[in-house]
Amino acid sequence: MSTRRCDACGERVEVPGGVGDFWDFGDLEKAGPGGLTLELEDDSEFFLCFDCIERLPENPSRADVAAISGE
C-alpha cells in the first residue's frame, strides 16, 4: 500500500491499490483509516481521511476544509 497525507489534518493515510496489495489481499486491519479524493462544487480537490470527511457539513466548500484544517 502507498501512503498519502490528508489535506486537512496532515495524518498519513494508507491508500489501497497497486502491486503491493496483490499479496496482502486487502488486509483491512493493516489498511488504516483510509481516505478519498473529494472534488467540491467550486472545482477544488482535496484528499481527506475518513475522519475529516465525517466532520464536513452536507455540501462542503473550500472554506469548510480550511476550517477543519485549523482545528
# chains A, B, ... in the order shown; residues from 1 in each chain; ligands from 1
>>> residues_around(residues="Ser61 (chain A)", least_positions_apart="2", cutoff="12 Å", atoms="only C-alpha atoms", output="PyMOL selection string")
chain A and resi 38-46+53+56-59+63-68
>>> write_last_selection(atoms="N, CA, C and O atoms", output="PDB file, in the first residue's frame")
ATOM      1  N   LEU A  38     -11.863  14.194  -2.772  1.00  0.00           N
ATOM      2  CA  LEU A  38     -13.161  14.819  -2.991  1.00  0.00           C
ATOM      3  C   LEU A  38     -13.001  15.986  -3.943  1.00  0.00           C
ATOM      4  O   LEU A  38     -12.107  16.818  -3.779  1.00  0.00           O
ATOM      5  N   GLU A  39     -13.869  16.072  -4.948  1.00  0.00           N
ATOM      6  CA  GLU A  39     -13.928  17.238  -5.817  1.00  0.00           C
ATOM      7  C   GLU A  39     -15.172  18.014  -5.419  1.00  0.00           C
ATOM      8  O   GLU A  39     -16.289  17.503  -5.496  1.00  0.00           O
ATOM      9  N   LEU A  40     -14.968  19.230  -4.969  1.00  0.00           N
ATOM     10  CA  LEU A  40     -16.070  20.046  -4.478  1.00  0.00           C
ATOM     11  C   LEU A  40     -16.702  20.847  -5.612  1.00  0.00           C
ATOM     12  O   LEU A  40     -16.160  20.926  -6.714  1.00  0.00           O
ATOM     13  N   GLU A  41     -17.856  21.459  -5.337  1.00  0.00           N
ATOM     14  CA  GLU A  41     -18.598  22.191  -6.368  1.00  0.00           C
ATOM     15  C   GLU A  41     -17.807  23.347  -6.964  1.00  0.00           C
ATOM     16  O   GLU A  41     -18.053  23.735  -8.099  1.00  0.00           O
ATOM     17  N   ASP A  42     -16.858  23.918  -6.208  1.00  0.00           N
ATOM     18  CA  ASP A  42     -16.049  25.030  -6.727  1.00  0.00           C
ATOM     19  C   ASP A  42     -14.827  24.527  -7.499  1.00  0.00           C
ATOM     20  O   ASP A  42     -13.894  25.281  -7.747  1.00  0.00           O
ATOM     21  N   ASP A  43     -14.845  23.254  -7.876  1.00  0.00           N
ATOM     22  CA  ASP A  43     -13.775  22.599  -8.652  1.00  0.00           C
ATOM     23  C   ASP A  43     -12.467  22.439  -7.874  1.00  0.00           C
ATOM     24  O   ASP A  43     -11.434  22.138  -8.471  1.00  0.00           O
ATOM     25  N   SER A  44     -12.490  22.624  -6.563  1.00  0.00           N
ATOM     26  CA  SER A  44     -11.299  22.348  -5.763  1.00  0.00           C
ATOM     27  C   SER A  44     -11.287  20.863  -5.425  1.00  0.00           C
ATOM     28  O   SER A  44     -12.332  20.216  -5.385  1.00  0.00           O
ATOM     29  N   GLU A  45     -10.099  20.319  -5.225  1.00  0.00           N
ATOM     30  CA  GLU A  45      -9.926  18.899  -4.924  1.00  0.00           C
ATOM     31  C   GLU A  45      -9.083  18.742  -3.674  1.00  0.00           C
ATOM     32  O   GLU A  45      -8.076  19.426  -3.510  1.00  0.00           O
ATOM     33  N   PHE A  46      -9.511  17.827  -2.809  1.00  0.00           N
ATOM     34  CA  PHE A  46      -8.781  17.562  -1.576  1.00  0.00           C
ATOM     35  C   PHE A  46      -8.765  16.064  -1.319  1.00  0.00           C
ATOM     36  O   PHE A  46      -9.775  15.392  -1.534  1.00  0.00           O
ATOM     37  N   ILE A  53     -13.545  13.669   6.609  1.00  0.00           N
ATOM     38  CA  ILE A  53     -14.749  13.697   5.768  1.00  0.00           C
ATOM     39  C   ILE A  53     -15.996  13.718   6.637  1.00  0.00           C
ATOM     40  O   ILE A  53     -16.947  14.457   6.360  1.00  0.00           O
ATOM     41  N   LEU A  56     -17.082  17.188   7.880  1.00  0.00           N
ATOM     42  CA  LEU A  56     -17.548  18.191   6.923  1.00  0.00           C
ATOM     43  C   LEU A  56     -19.070  18.303   6.934  1.00  0.00           C
ATOM     44  O   LEU A  56     -19.770  17.324   7.185  1.00  0.00           O
ATOM     45  N   PRO A  57     -19.604  19.496   6.627  1.00  0.00           N
ATOM     46  CA  PRO A  57     -21.058  19.643   6.516  1.00  0.00           C
ATOM     47  C   PRO A  57     -21.585  18.970   5.241  1.00  0.00           C
ATOM     48  O   PRO A  57     -20.808  18.474   4.416  1.00  0.00           O
ATOM     49  N   GLU A  58     -22.879  19.006   5.058  1.00  0.00           N
ATOM     50  CA  GLU A  58     -23.556  18.332   3.942  1.00  0.00           C
ATOM     51  C   GLU A  58     -22.985  18.700   2.563  1.00  0.00           C
ATOM     52  O   GLU A  58     -22.669  17.852   1.775  1.00  0.00           O
ATOM     53  N   ASN A  59     -22.908  19.979   2.232  1.00  0.00           N
ATOM     54  CA  ASN A  59     -22.357  20.429   0.947  1.00  0.00           C
ATOM     55  C   ASN A  59     -21.112  21.258   1.214  1.00  0.00           C
ATOM     56  O   ASN A  59     -21.171  22.492   1.240  1.00  0.00           O
ATOM     57  N   ALA A  63     -13.765  26.541   2.148  1.00  0.00           N
ATOM     58  CA  ALA A  63     -13.680  27.159   3.487  1.00  0.00           C
ATOM     59  C   ALA A  63     -13.939  26.119   4.585  1.00  0.00           C
ATOM     60  O   ALA A  63     -13.332  26.197   5.659  1.00  0.00           O
ATOM     61  N   ASP A  64     -14.829  25.168   4.328  1.00  0.00           N
ATOM     62  CA  ASP A  64     -15.105  24.126   5.320  1.00  0.00           C
ATOM     63  C   ASP A  64     -13.882  23.241   5.536  1.00  0.00           C
ATOM     64  O   ASP A  64     -13.580  22.849   6.668  1.00  0.00           O
ATOM     65  N   VAL A  65     -13.179  22.922   4.462  1.00  0.00           N
ATOM     66  CA  VAL A  65     -11.954  22.116   4.576  1.00  0.00           C
ATOM     67  C   VAL A  65     -10.895  22.912   5.326  1.00  0.00           C
ATOM     68  O   VAL A  65     -10.213  22.382   6.203  1.00  0.00           O
ATOM     69  N   ALA A  66     -10.803  24.209   5.042  1.00  0.00           N
ATOM     70  CA  ALA A  66      -9.841  25.055   5.754  1.00  0.00           C
ATOM     71  C   ALA A  66     -10.184  25.136   7.238  1.00  0.00           C
ATOM     72  O   ALA A  66      -9.288  25.159   8.080  1.00  0.00           O
ATOM     73  N   ALA A  67     -11.487  25.158   7.553  1.00  0.00           N
ATOM     74  CA  ALA A  67     -11.908  25.241   8.954  1.00  0.00           C
ATOM     75  C   ALA A  67     -11.499  24.007   9.730  1.00  0.00           C
ATOM     76  O   ALA A  67     -11.043  24.105  10.870  1.00  0.00           O
ATOM     77  N   ILE A  68     -11.650  22.813   9.150  1.00  0.00           N
ATOM     78  CA  ILE A  68     -11.250  21.606   9.882  1.00  0.00           C
ATOM     79  C   ILE A  68      -9.733  21.455   9.898  1.00  0.00           C
ATOM     80  O   ILE A  68      -9.186  20.789  10.762  1.00  0.00           O
TER      81      ILE A  68
END
>>> closest_residue(among="A:Arg12, A:Arg5, A:Leu36, A:Ser69", to="Arg55 (chain A)", atoms="only C-alpha atoms")
A:Ser69
>>> atom_distance(atom1="CA of Gly70 (chain A)", atom2="CA of Phe50 (chain A)")
17.0 Å
>>> atom_distance(atom1="CA of Gly35 (chain A)", atom2="CA of Glu14 (chain A)")
8.0 Å
>>> atom_distance(atom1="CA of Thr37 (chain A)", atom2="CA of Val13 (chain A)")
11.9 Å
